[in-house]
$ cat run-v2.tsv   # TSV, N, CA and C atoms
chain	number	residue	atom	x	y	z
A	942	MET	N	0.81	-1.19	0.00
A	942	MET	CA	0.00	0.00	0.00
A	942	MET	C	0.87	1.27	0.00
A	943	ARG	N	1.97	1.25	0.78
A	943	ARG	CA	2.84	2.41	0.83
A	943	ARG	C	3.50	2.65	-0.52
A	944	ILE	N	3.81	1.57	-1.23
A	944	ILE	CA	4.42	1.72	-2.55
A	944	ILE	C	3.44	2.40	-3.49
A	945	LYS	N	2.19	2.01	-3.46
A	945	LYS	CA	1.19	2.62	-4.33
A	945	LYS	C	1.03	4.10	-4.01
A	946	LEU	N	1.00	4.43	-2.73
A	946	LEU	CA	0.87	5.84	-2.35
A	946	LEU	C	2.10	6.63	-2.79
A	947	SER	N	3.27	6.03	-2.68
A	947	SER	CA	4.50	6.71	-3.10
A	947	SER	C	4.48	6.96	-4.60
A	948	VAL	N	4.03	5.97	-5.37
A	948	VAL	CA	3.95	6.12	-6.81
A	948	VAL	C	2.95	7.21	-7.17
A	949	VAL	N	1.79	7.21	-6.52
A	949	VAL	CA	0.78	8.24	-6.78
A	949	VAL	C	1.32	9.61	-6.43
A	950	ALA	N	1.99	9.72	-5.30
A	950	ALA	CA	2.57	11.01	-4.90
A	950	ALA	C	3.63	11.47	-5.90
A	951	MET	N	4.44	10.52	-6.38
A	951	MET	CA	5.47	10.87	-7.35
A	951	MET	C	4.83	11.39	-8.65
A	952	PHE	N	3.80	10.67	-9.14
A	952	PHE	CA	3.13	11.11	-10.36
A	952	PHE	C	2.45	12.46	-10.16
A	953	ALA	N	1.86	12.67	-9.02
A	953	ALA	CA	1.22	13.95	-8.74
A	953	ALA	C	2.24	15.08	-8.77
A	954	THR	N	3.40	14.84	-8.20
A	954	THR	CA	4.47	15.84	-8.20
A	954	THR	C	4.95	16.13	-9.62
A	955	ILE	N	5.15	15.07	-10.39
A	955	ILE	CA	5.61	15.24	-11.78
A	955	ILE	C	4.57	16.00	-12.59
A	956	LEU	N	3.32	15.58	-12.47
A	956	LEU	CA	2.25	16.22	-13.26
A	956	LEU	C	2.06	17.67	-12.86
A	957	SER	N	2.16	17.99	-11.57
A	957	SER	CA	2.01	19.39	-11.18
A	957	SER	C	3.17	20.22	-11.72
A	958	GLY	N	4.36	19.63	-11.75
A	958	GLY	CA	5.51	20.32	-12.35
A	958	GLY	C	5.32	20.54	-13.82
A	959	LEU	N	4.78	19.55	-14.51
A	959	LEU	CA	4.53	19.71	-15.94
A	959	LEU	C	3.47	20.76	-16.21
A	960	SER	N	2.44	20.81	-15.39
A	960	SER	CA	1.39	21.80	-15.63
A	960	SER	C	1.92	23.21	-15.40
A	961	ARG	N	2.82	23.37	-14.45
A	961	ARG	CA	3.42	24.69	-14.25
A	961	ARG	C	4.34	25.04	-15.41
A	962	ALA	N	5.05	24.06	-15.92
A	962	ALA	CA	5.98	24.30	-17.01
A	962	ALA	C	5.24	24.55	-18.33
A	963	ALA	N	4.00	24.13	-18.39
A	963	ALA	CA	3.25	24.21	-19.64
A	963	ALA	C	2.47	25.52	-19.73
A	964	THR	N	3.14	26.62	-19.49
A	964	THR	CA	2.53	27.93	-19.68
A	964	THR	C	3.37	28.70	-20.68
A	965	LEU	N	2.72	29.57	-21.38
A	965	LEU	CA	3.42	30.40	-22.36
A	965	LEU	C	4.01	31.62	-21.68
A	966	SER	N	5.19	32.01	-22.10
A	966	SER	CA	5.74	33.28	-21.63
A	966	SER	C	4.92	34.40	-22.26
A	967	ASP	N	5.07	35.60	-21.74
A	967	ASP	CA	4.35	36.74	-22.32
A	967	ASP	C	4.72	36.93	-23.78
A	968	ALA	N	6.00	36.78	-24.11
A	968	ALA	CA	6.45	36.96	-25.49
A	968	ALA	C	5.86	35.87	-26.39
A	969	GLU	N	5.84	34.63	-25.90
A	969	GLU	CA	5.24	33.54	-26.69
A	969	GLU	C	3.75	33.78	-26.90
A	970	ALA	N	3.06	34.19	-25.85
A	970	ALA	CA	1.63	34.45	-25.95
A	970	ALA	C	1.34	35.58	-26.93
A	971	THR	N	2.15	36.61	-26.90
A	971	THR	CA	1.98	37.74	-27.82
A	971	THR	C	2.18	37.30	-29.26
A	972	PHE	N	3.29	36.58	-29.50
A	972	PHE	CA	3.58	36.13	-30.86
A	972	PHE	C	2.50	35.18	-31.35
A	973	LEU	N	2.07	34.26	-30.51
A	973	LEU	CA	1.04	33.31	-30.91
A	973	LEU	C	-0.27	34.03	-31.22
A	974	ASP	N	-0.65	34.97	-30.39
A	974	ASP	CA	-1.88	35.74	-30.63
A	974	ASP	C	-1.81	36.43	-31.98
A	975	GLN	N	-0.69	37.03	-32.29
A	975	GLN	CA	-0.53	37.73	-33.56
A	975	GLN	C	-0.49	36.76	-34.73
A	976	LEU	N	0.11	35.61	-34.54
A	976	LEU	CA	0.17	34.57	-35.57
A	976	LEU	C	-1.22	34.02	-35.88
A	977	VAL	N	-1.98	33.73	-34.84
A	977	VAL	CA	-3.35	33.22	-35.02
A	977	VAL	C	-4.22	34.26	-35.70
A	978	THR	N	-4.10	35.50	-35.28
A	978	THR	CA	-4.90	36.57	-35.87
A	978	THR	C	-4.62	36.70	-37.36
A	979	ALA	N	-3.36	36.71	-37.73
A	979	ALA	CA	-3.00	36.81	-39.15
A	979	ALA	C	-3.51	35.60	-39.93
A	980	SER	N	-3.41	34.43	-39.35
A	980	SER	CA	-3.87	33.23	-40.07
A	980	SER	C	-5.39	33.25	-40.23
A	981	MET	N	-6.10	33.84	-39.29
A	981	MET	CA	-7.56	33.95	-39.42
A	981	MET	C	-7.93	34.90	-40.56
A	982	VAL	N	-7.16	35.96	-40.74
A	982	VAL	CA	-7.40	36.88	-41.85
A	982	VAL	C	-7.27	36.12	-43.17
A	983	LEU	N	-6.24	35.29	-43.26
A	983	LEU	CA	-6.04	34.52	-44.48
A	983	LEU	C	-7.11	33.44	-44.65
A	984	GLU	N	-7.45	32.77	-43.55
A	984	GLU	CA	-8.46	31.71	-43.61
A	984	GLU	C	-9.81	32.25	-44.07
A	985	GLN	N	-10.14	33.44	-43.65
A	985	GLN	CA	-11.42	34.05	-44.01
A	985	GLN	C	-11.37	34.71	-45.38
A	986	ARG	N	-10.24	34.58	-46.03
A	986	ARG	CA	-10.05	35.13	-47.37
A	986	ARG	C	-10.36	36.63	-47.42
A	987	CYS	N	-9.87	37.31	-46.41
A	987	CYS	CA	-10.00	38.76	-46.39
A	987	CYS	C	-9.23	39.29	-47.60
A	988	VAL	N	-9.89	40.09	-48.40
A	988	VAL	CA	-9.33	40.55	-49.66
A	988	VAL	C	-8.16	41.50	-49.44
A	989	GLY	N	-7.08	41.26	-50.20
A	989	GLY	CA	-5.95	42.18	-50.21
A	989	GLY	C	-4.78	41.79	-49.33
A	990	TYR	N	-4.83	40.61	-48.69
A	990	TYR	CA	-3.75	40.22	-47.79
A	990	TYR	C	-3.18	38.86	-48.18
A	991	GLU	N	-1.87	38.73	-48.00
A	991	GLU	CA	-1.20	37.44	-48.19
A	991	GLU	C	-0.12	37.31	-47.14
A	992	VAL	N	0.34	36.09	-46.95
A	992	VAL	CA	1.33	35.82	-45.91
A	992	VAL	C	2.68	36.44	-46.26
A	993	ASP	N	3.35	36.90	-45.23
A	993	ASP	CA	4.73	37.37	-45.36
A	993	ASP	C	5.56	36.50	-44.43
A	994	GLY	N	5.98	35.34	-44.93
A	994	GLY	CA	6.68	34.35	-44.11
A	994	GLY	C	7.94	34.89	-43.46
A	995	ALA	N	8.74	35.61	-44.22
A	995	ALA	CA	9.98	36.17	-43.66
A	995	ALA	C	9.65	37.18	-42.57
A	996	GLY	N	8.62	37.97	-42.81
A	996	GLY	CA	8.22	38.96	-41.80
A	996	GLY	C	7.75	38.31	-40.52
A	997	GLY	N	7.06	37.18	-40.65
A	997	GLY	CA	6.59	36.45	-39.47
A	997	GLY	C	7.76	35.93	-38.64
A	998	VAL	N	8.75	35.39	-39.30
A	998	VAL	CA	9.93	34.89	-38.59
A	998	VAL	C	10.69	36.05	-37.95
A	999	GLN	N	10.78	37.17	-38.66
A	999	GLN	CA	11.47	38.34	-38.10
A	999	GLN	C	10.76	38.84	-36.85
A	1000	LEU	N	9.42	38.91	-36.91
A	1000	LEU	CA	8.66	39.34	-35.74
A	1000	LEU	C	8.89	38.37	-34.58
A	1001	GLY	N	8.80	37.08	-34.87
A	1001	GLY	CA	9.04	36.08	-33.83
A	1001	GLY	C	10.43	36.18	-33.25
A	1002	THR	N	11.40	36.46	-34.08
A	1002	THR	CA	12.79	36.61	-33.62
A	1002	THR	C	12.91	37.80	-32.68
A	1003	ARG	N	12.27	38.92	-33.05
A	1003	ARG	CA	12.31	40.11	-32.19
A	1003	ARG	C	11.65	39.82	-30.84
A	1004	LEU	N	10.52	39.12	-30.86
A	1004	LEU	CA	9.79	38.86	-29.62
A	1004	LEU	C	10.41	37.75	-28.78
A	1005	LEU	N	10.91	36.71	-29.45
A	1005	LEU	CA	11.33	35.50	-28.74
A	1005	LEU	C	12.84	35.34	-28.62
A	1006	GLY	N	13.61	36.14	-29.37
A	1006	GLY	CA	15.04	36.13	-29.19
A	1006	GLY	C	15.85	35.39	-30.23
A	1007	SER	N	15.23	34.50	-31.00
A	1007	SER	CA	16.00	33.82	-32.03
A	1007	SER	C	15.07	33.26	-33.10
A	1008	PRO	N	15.58	33.11	-34.32
A	1008	PRO	CA	14.75	32.55	-35.38
A	1008	PRO	C	14.36	31.09	-35.09
A	1009	ASN	N	15.23	30.36	-34.40
A	1009	ASN	CA	14.90	28.97	-34.07
A	1009	ASN	C	13.71	28.87	-33.13
A	1010	VAL	N	13.67	29.77	-32.15
A	1010	VAL	CA	12.55	29.77	-31.21
A	1010	VAL	C	11.28	30.23	-31.92
A	1011	ALA	N	11.41	31.20	-32.81
A	1011	ALA	CA	10.25	31.65	-33.59
A	1011	ALA	C	9.71	30.52	-34.45
A	1012	MET	N	10.59	29.80	-35.12
A	1012	MET	CA	10.16	28.67	-35.96
A	1012	MET	C	9.55	27.56	-35.12
A	1013	ALA	N	10.06	27.35	-33.91
A	1013	ALA	CA	9.49	26.33	-33.02
A	1013	ALA	C	8.05	26.70	-32.65
A	1014	MET	N	7.79	27.98	-32.42
A	1014	MET	CA	6.42	28.42	-32.10
A	1014	MET	C	5.52	28.26	-33.32
A	1015	ILE	N	6.02	28.61	-34.49
A	1015	ILE	CA	5.25	28.44	-35.72
A	1015	ILE	C	4.95	26.95	-35.93
A	1016	ASP	N	5.92	26.09	-35.70
A	1016	ASP	CA	5.72	24.65	-35.83
A	1016	ASP	C	4.72	24.13	-34.80
A	1017	ALA	N	4.78	24.66	-33.58
A	1017	ALA	CA	3.83	24.24	-32.54
A	1017	ALA	C	2.41	24.65	-32.91
A	1018	TYR	N	2.27	25.84	-33.48
A	1018	TYR	CA	0.95	26.30	-33.93
A	1018	TYR	C	0.45	25.43	-35.08
A	1019	SER	N	1.34	25.09	-36.00
A	1019	SER	CA	0.97	24.22	-37.11
A	1019	SER	C	0.52	22.85	-36.60
A	1020	ALA	N	1.25	22.30	-35.64
A	1020	ALA	CA	0.87	21.01	-35.06
A	1020	ALA	C	-0.48	21.10	-34.36
A	1021	ALA	N	-0.74	22.22	-33.69
A	1021	ALA	CA	-2.03	22.40	-33.01
A	1021	ALA	C	-3.17	22.43	-34.01
A	1022	ILE	N	-2.97	23.11	-35.14
A	1022	ILE	CA	-4.00	23.16	-36.17
A	1022	ILE	C	-4.27	21.76	-36.71
A	1023	LYS	N	-3.20	21.04	-37.02
A	1023	LYS	CA	-3.35	19.69	-37.56
A	1023	LYS	C	-4.03	18.77	-36.55
A	1024	ALA	N	-3.65	18.86	-35.30
A	1024	ALA	CA	-4.26	18.02	-34.26
A	1024	ALA	C	-5.75	18.32	-34.13
A	1025	ARG	N	-6.09	19.60	-34.15
A	1025	ARG	CA	-7.49	20.01	-34.02
A	1025	ARG	C	-8.32	19.54	-35.22
A	1026	ASN	N	-7.69	19.49	-36.39
A	1026	ASN	CA	-8.39	19.06	-37.60
A	1026	ASN	C	-8.34	17.55	-37.81
A	1027	GLY	N	-7.70	16.83	-36.90
A	1027	GLY	CA	-7.63	15.38	-37.01
A	1027	GLY	C	-6.62	14.89	-38.03
A	1028	GLU	N	-5.70	15.74	-38.42
A	1028	GLU	CA	-4.65	15.37	-39.38
A	1028	GLU	C	-3.43	14.86	-38.61
A	1029	SER	N	-2.57	14.16	-39.33
A	1029	SER	CA	-1.35	13.68	-38.67
A	1029	SER	C	-0.41	14.88	-38.46
A	1030	TYR	N	0.31	14.83	-37.34
A	1030	TYR	CA	1.23	15.90	-36.99
A	1030	TYR	C	2.40	15.31	-36.22
A	1031	ASP	N	3.44	16.07	-36.09
A	1031	ASP	CA	4.62	15.65	-35.34
A	1031	ASP	C	4.34	15.88	-33.85
A	1032	PRO	N	4.15	14.81	-33.08
A	1032	PRO	CA	3.85	15.00	-31.66
A	1032	PRO	C	4.97	15.69	-30.89
A	1033	GLY	N	6.18	15.64	-31.40
A	1033	GLY	CA	7.28	16.34	-30.75
A	1033	GLY	C	7.18	17.85	-30.85
A	1034	LYS	N	6.39	18.31	-31.80
A	1034	LYS	CA	6.21	19.76	-31.97
A	1034	LYS	C	4.93	20.27	-31.33
A	1035	PHE	N	4.05	19.36	-30.95
A	1035	PHE	CA	2.77	19.74	-30.36
A	1035	PHE	C	2.97	20.20	-28.92
A	1036	ARG	N	2.35	21.32	-28.58
A	1036	ARG	CA	2.35	21.84	-27.21
A	1036	ARG	C	0.91	22.16	-26.84
A	1037	ALA	N	0.40	21.51	-25.82
A	1037	ALA	CA	-1.00	21.69	-25.42
A	1037	ALA	C	-1.31	23.15	-25.09
A	1038	GLU	N	-0.36	23.84	-24.45
A	1038	GLU	CA	-0.61	25.23	-24.08
A	1038	GLU	C	-0.73	26.13	-25.31
A	1039	VAL	N	-0.02	25.78	-26.37
A	1039	VAL	CA	-0.14	26.52	-27.64
A	1039	VAL	C	-1.52	26.26	-28.24
A	1040	SER	N	-1.93	25.02	-28.23
A	1040	SER	CA	-3.24	24.67	-28.77
A	1040	SER	C	-4.36	25.38	-28.01
A	1041	ASP	N	-4.27	25.39	-26.69
A	1041	ASP	CA	-5.30	26.04	-25.87
A	1041	ASP	C	-5.35	27.55	-26.13
A	1042	ALA	N	-4.19	28.19	-26.12
A	1042	ALA	CA	-4.15	29.64	-26.33
A	1042	ALA	C	-4.59	30.00	-27.74
A	1043	ALA	N	-4.17	29.21	-28.72
A	1043	ALA	CA	-4.58	29.47	-30.11
A	1043	ALA	C	-6.09	29.34	-30.26
A	1044	GLY	N	-6.67	28.35	-29.59
A	1044	GLY	CA	-8.13	28.17	-29.64
A	1044	GLY	C	-8.88	29.37	-29.09
A	1045	LYS	N	-8.37	29.94	-28.01
A	1045	LYS	CA	-9.02	31.12	-27.42
A	1045	LYS	C	-8.94	32.33	-28.36
A	1046	THR	N	-7.77	32.54	-28.94
A	1046	THR	CA	-7.63	33.65	-29.89
A	1046	THR	C	-8.50	33.42	-31.12
A	1047	PHE	N	-8.52	32.18	-31.60
A	1047	PHE	CA	-9.34	31.83	-32.76
A	1047	PHE	C	-10.80	32.20	-32.49
A	1048	LYS	N	-11.33	31.82	-31.34
A	1048	LYS	CA	-12.74	32.09	-31.02
A	1048	LYS	C	-13.01	33.59	-30.96
A	1049	ARG	N	-12.08	34.34	-30.37
A	1049	ARG	CA	-12.27	35.79	-30.24
A	1049	ARG	C	-12.27	36.46	-31.62
A	1050	VAL	N	-11.28	36.12	-32.45
A	1050	VAL	CA	-11.17	36.73	-33.77
A	1050	VAL	C	-12.33	36.28	-34.66
A	1051	TRP	N	-12.67	35.00	-34.57
A	1051	TRP	CA	-13.78	34.44	-35.36
A	1051	TRP	C	-15.08	35.20	-35.05
A	1052	ALA	N	-15.34	35.44	-33.77
A	1052	ALA	CA	-16.55	36.17	-33.38
A	1052	ALA	C	-16.57	37.57	-33.99
A	1053	ASP	N	-15.43	38.25	-33.97
A	1053	ASP	CA	-15.35	39.58	-34.56
A	1053	ASP	C	-15.57	39.53	-36.07
A	1054	LEU	N	-15.00	38.51	-36.72
A	1054	LEU	CA	-15.16	38.37	-38.17
A	1054	LEU	C	-16.60	38.03	-38.55
A	1055	ILE	N	-17.30	37.35	-37.70
A	1055	ILE	CA	-18.71	37.04	-37.97
A	1055	ILE	C	-19.56	38.29	-37.78
A	1056	LYS	N	-19.30	39.04	-36.72
A	1056	LYS	CA	-20.09	40.25	-36.42
A	1056	LYS	C	-19.91	41.33	-37.48
A	1057	ASP	N	-18.67	41.55	-37.89
A	1057	ASP	CA	-18.37	42.63	-38.82
A	1057	ASP	C	-17.26	42.18	-39.77
A	1058	PRO	N	-17.61	41.38	-40.79
A	1058	PRO	CA	-16.58	40.80	-41.65
A	1058	PRO	C	-15.65	41.83	-42.30
A	1059	LYS	N	-16.20	42.85	-42.89
A	1059	LYS	CA	-15.35	43.83	-43.57
A	1059	LYS	C	-14.49	44.61	-42.58
A	1060	GLY	N	-15.11	45.10	-41.52
A	1060	GLY	CA	-14.38	45.89	-40.54
A	1060	GLY	C	-13.29	45.08	-39.84
A	1061	ALA	N	-13.63	43.85	-39.44
A	1061	ALA	CA	-12.66	43.00	-38.75
A	1061	ALA	C	-11.53	42.59	-39.70
A	1062	CYS	N	-11.88	42.30	-40.96
A	1062	CYS	CA	-10.84	41.96	-41.93
A	1062	CYS	C	-9.85	43.12	-42.06
A	1063	THR	N	-10.38	44.31	-42.18
A	1063	THR	CA	-9.52	45.48	-42.31
A	1063	THR	C	-8.69	45.70	-41.05
A	1064	ASP	N	-9.36	45.68	-39.89
A	1064	ASP	CA	-8.65	45.93	-38.63
A	1064	ASP	C	-7.55	44.90	-38.38
A	1065	TYR	N	-7.93	43.63	-38.45
A	1065	TYR	CA	-6.96	42.56	-38.18
A	1065	TYR	C	-5.92	42.45	-39.29
A	1066	GLY	N	-6.36	42.63	-40.52
A	1066	GLY	CA	-5.42	42.55	-41.64
A	1066	GLY	C	-4.39	43.65	-41.60
A	1067	ASP	N	-4.84	44.89	-41.39
A	1067	ASP	CA	-3.90	46.01	-41.33
A	1067	ASP	C	-2.94	45.88	-40.13
A	1068	ALA	N	-3.46	45.41	-38.99
A	1068	ALA	CA	-2.60	45.22	-37.83
A	1068	ALA	C	-1.54	44.15	-38.13
A	1069	SER	N	-1.94	43.11	-38.83
A	1069	SER	CA	-0.99	42.04	-39.18
A	1069	SER	C	0.04	42.52	-40.20
A	1070	VAL	N	-0.37	43.43	-41.09
A	1070	VAL	CA	0.59	44.03	-42.03
A	1070	VAL	C	1.58	44.88	-41.25
A	1071	ASP	N	1.08	45.69	-40.33
A	1071	ASP	CA	1.96	46.55	-39.52
A	1071	ASP	C	2.98	45.74	-38.72
A	1072	ARG	N	2.59	44.55	-38.28
A	1072	ARG	CA	3.49	43.68	-37.51
A	1072	ARG	C	4.46	42.91	-38.40
A	1073	GLY	N	4.15	42.83	-39.70
A	1073	GLY	CA	5.02	42.13	-40.63
A	1073	GLY	C	4.61	40.70	-40.93
A	1074	LEU	N	3.47	40.25	-40.39
A	1074	LEU	CA	3.02	38.88	-40.63
A	1074	LEU	C	2.34	38.73	-41.98
A	1075	LEU	N	1.68	39.77	-42.43
A	1075	LEU	CA	1.00	39.78	-43.71
A	1075	LEU	C	1.52	40.93	-44.55
A	1076	ARG	N	1.24	40.87	-45.83
A	1076	ARG	CA	1.50	42.01	-46.71
A	1076	ARG	C	0.28	42.20	-47.59
A	1077	ARG	N	0.17	43.40	-48.11
A	1077	ARG	CA	-0.94	43.71	-49.01
A	1077	ARG	C	-0.56	43.31	-50.41
A	1078	TYR	N	-1.55	42.91	-51.18
A	1078	TYR	CA	-1.31	42.67	-52.61
A	1078	TYR	C	-2.26	43.48	-53.43
$ encode --input "run-v2.tsv" --output "structure tokens"
Amino acid sequence: MRIKLSVVAMFATILSGLSRAATLSDAEATFLDQLVTASMVLEQRCVGYEVDGAGGVQLGTRLLGSPNVAMAMIDAYSAAIKARNGESYDPGKFRAEVSDAAGKTFKRVWADLIKDPKGACTDYGDASVDRGLLRRY
């Protein structure tokens, strides 16, 4: 019985440590929010905007400190999208906290795009252009 309690206590300790570790830094949360917002503009086919991949990596580098960390966040977001859509993804790149935060941003932006499609497209699209994630065509 003591062994079982020790194992349960050990797992509880490990899991609580993992849950604390599984939070986004402010910079990660900011970059992810901006990444999700820009992708929603593209997904909704807001007229006049296209992806600026280099600009996205540059923004991520400024916020997160390195292009590798920026690409890791982009990959984690991509894995979250694939997981949510039931597609195969690299589980090594999936981060539950990224998926959760992206889902919240998605719902907020989606609601705005439903309420006022033209206004939200312009507001979110122009903000994403200003940040370097999108460009106008």
$ atom_distance --input "run-v2.tsv" --atom1 "atom CA of Leu1000 of chain A" --atom2 "atom N of Ala1024 of chain A"
23.9 Å
$ closest_residue --input "run-v2.tsv" --among "A:Leu1074, A:Ala1011, A:Thr1002, A:Phe1035" --to "Leu976 of chain A" --atoms "all atoms listed in the file"
A:Leu1074
$ atom_distance --input "run-v2.tsv" --atom1 "atom CA of Asp1071 of chain A" --atom2 "atom CA of Arg1036 of chain A"
27.6 Å
$ axis_aligned_box --input "run-v2.tsv" --around "segment 1032-1044 of chain A" --padding-each-side "8 Å" --output "JSON"
{"center_x": -0.8, "center_y": 22.4, "center_z": -28.6, "size_x": 32.2, "size_y": 31.2, "size_z": 25.0}
$ closest_residue --input "run-v2.tsv" --among "A:Val998, A:Leu1075, A:Ala1017, A:Leu1005" --to "Thr971 of chain A" --atoms "only C-alpha atoms"
A:Leu1005
$ select_by_dssp --input "run-v2.tsv" --residues "chain A" --states "strand (DSSP E or B)" --output "PDB file with N, CA and C atoms, in the coordinates of the input"
ATOM      1  N   TYR A 990      -4.830  40.610 -48.690  1.00  0.00           N
ATOM      2  CA  TYR A 990      -3.750  40.220 -47.790  1.00  0.00           C
ATOM      3  C   TYR A 990      -3.180  38.860 -48.180  1.00  0.00           C
ATOM      4  N   GLU A 991      -1.870  38.730 -48.000  1.00  0.00           N
ATOM      5  CA  GLU A 991      -1.200  37.440 -48.190  1.00  0.00           C
ATOM      6  C   GLU A 991      -0.120  37.310 -47.140  1.00  0.00           C
ATOM      7  N   VAL A 992       0.340  36.090 -46.950  1.00  0.00           N
ATOM      8  CA  VAL A 992       1.330  35.820 -45.910  1.00  0.00           C
ATOM      9  C   VAL A 992       2.680  36.440 -46.260  1.00  0.00           C
ATOM     10  N   LEU A1075       1.680  39.770 -42.430  1.00  0.00           N
ATOM     11  CA  LEU A1075       1.000  39.780 -43.710  1.00  0.00           C
ATOM     12  C   LEU A1075       1.520  40.930 -44.550  1.00  0.00           C
ATOM     13  N   ARG A1076       1.240  40.870 -45.830  1.00  0.00           N
ATOM     14  CA  ARG A1076       1.500  42.010 -46.710  1.00  0.00           C
ATOM     15  C   ARG A1076       0.280  42.200 -47.590  1.00  0.00           C
ATOM     16  N   ARG A1077       0.170  43.400 -48.110  1.00  0.00           N
ATOM     17  CA  ARG A1077      -0.940  43.710 -49.010  1.00  0.00           C
ATOM     18  C   ARG A1077      -0.560  43.310 -50.410  1.00  0.00           C
TER      19      ARG A1077
END
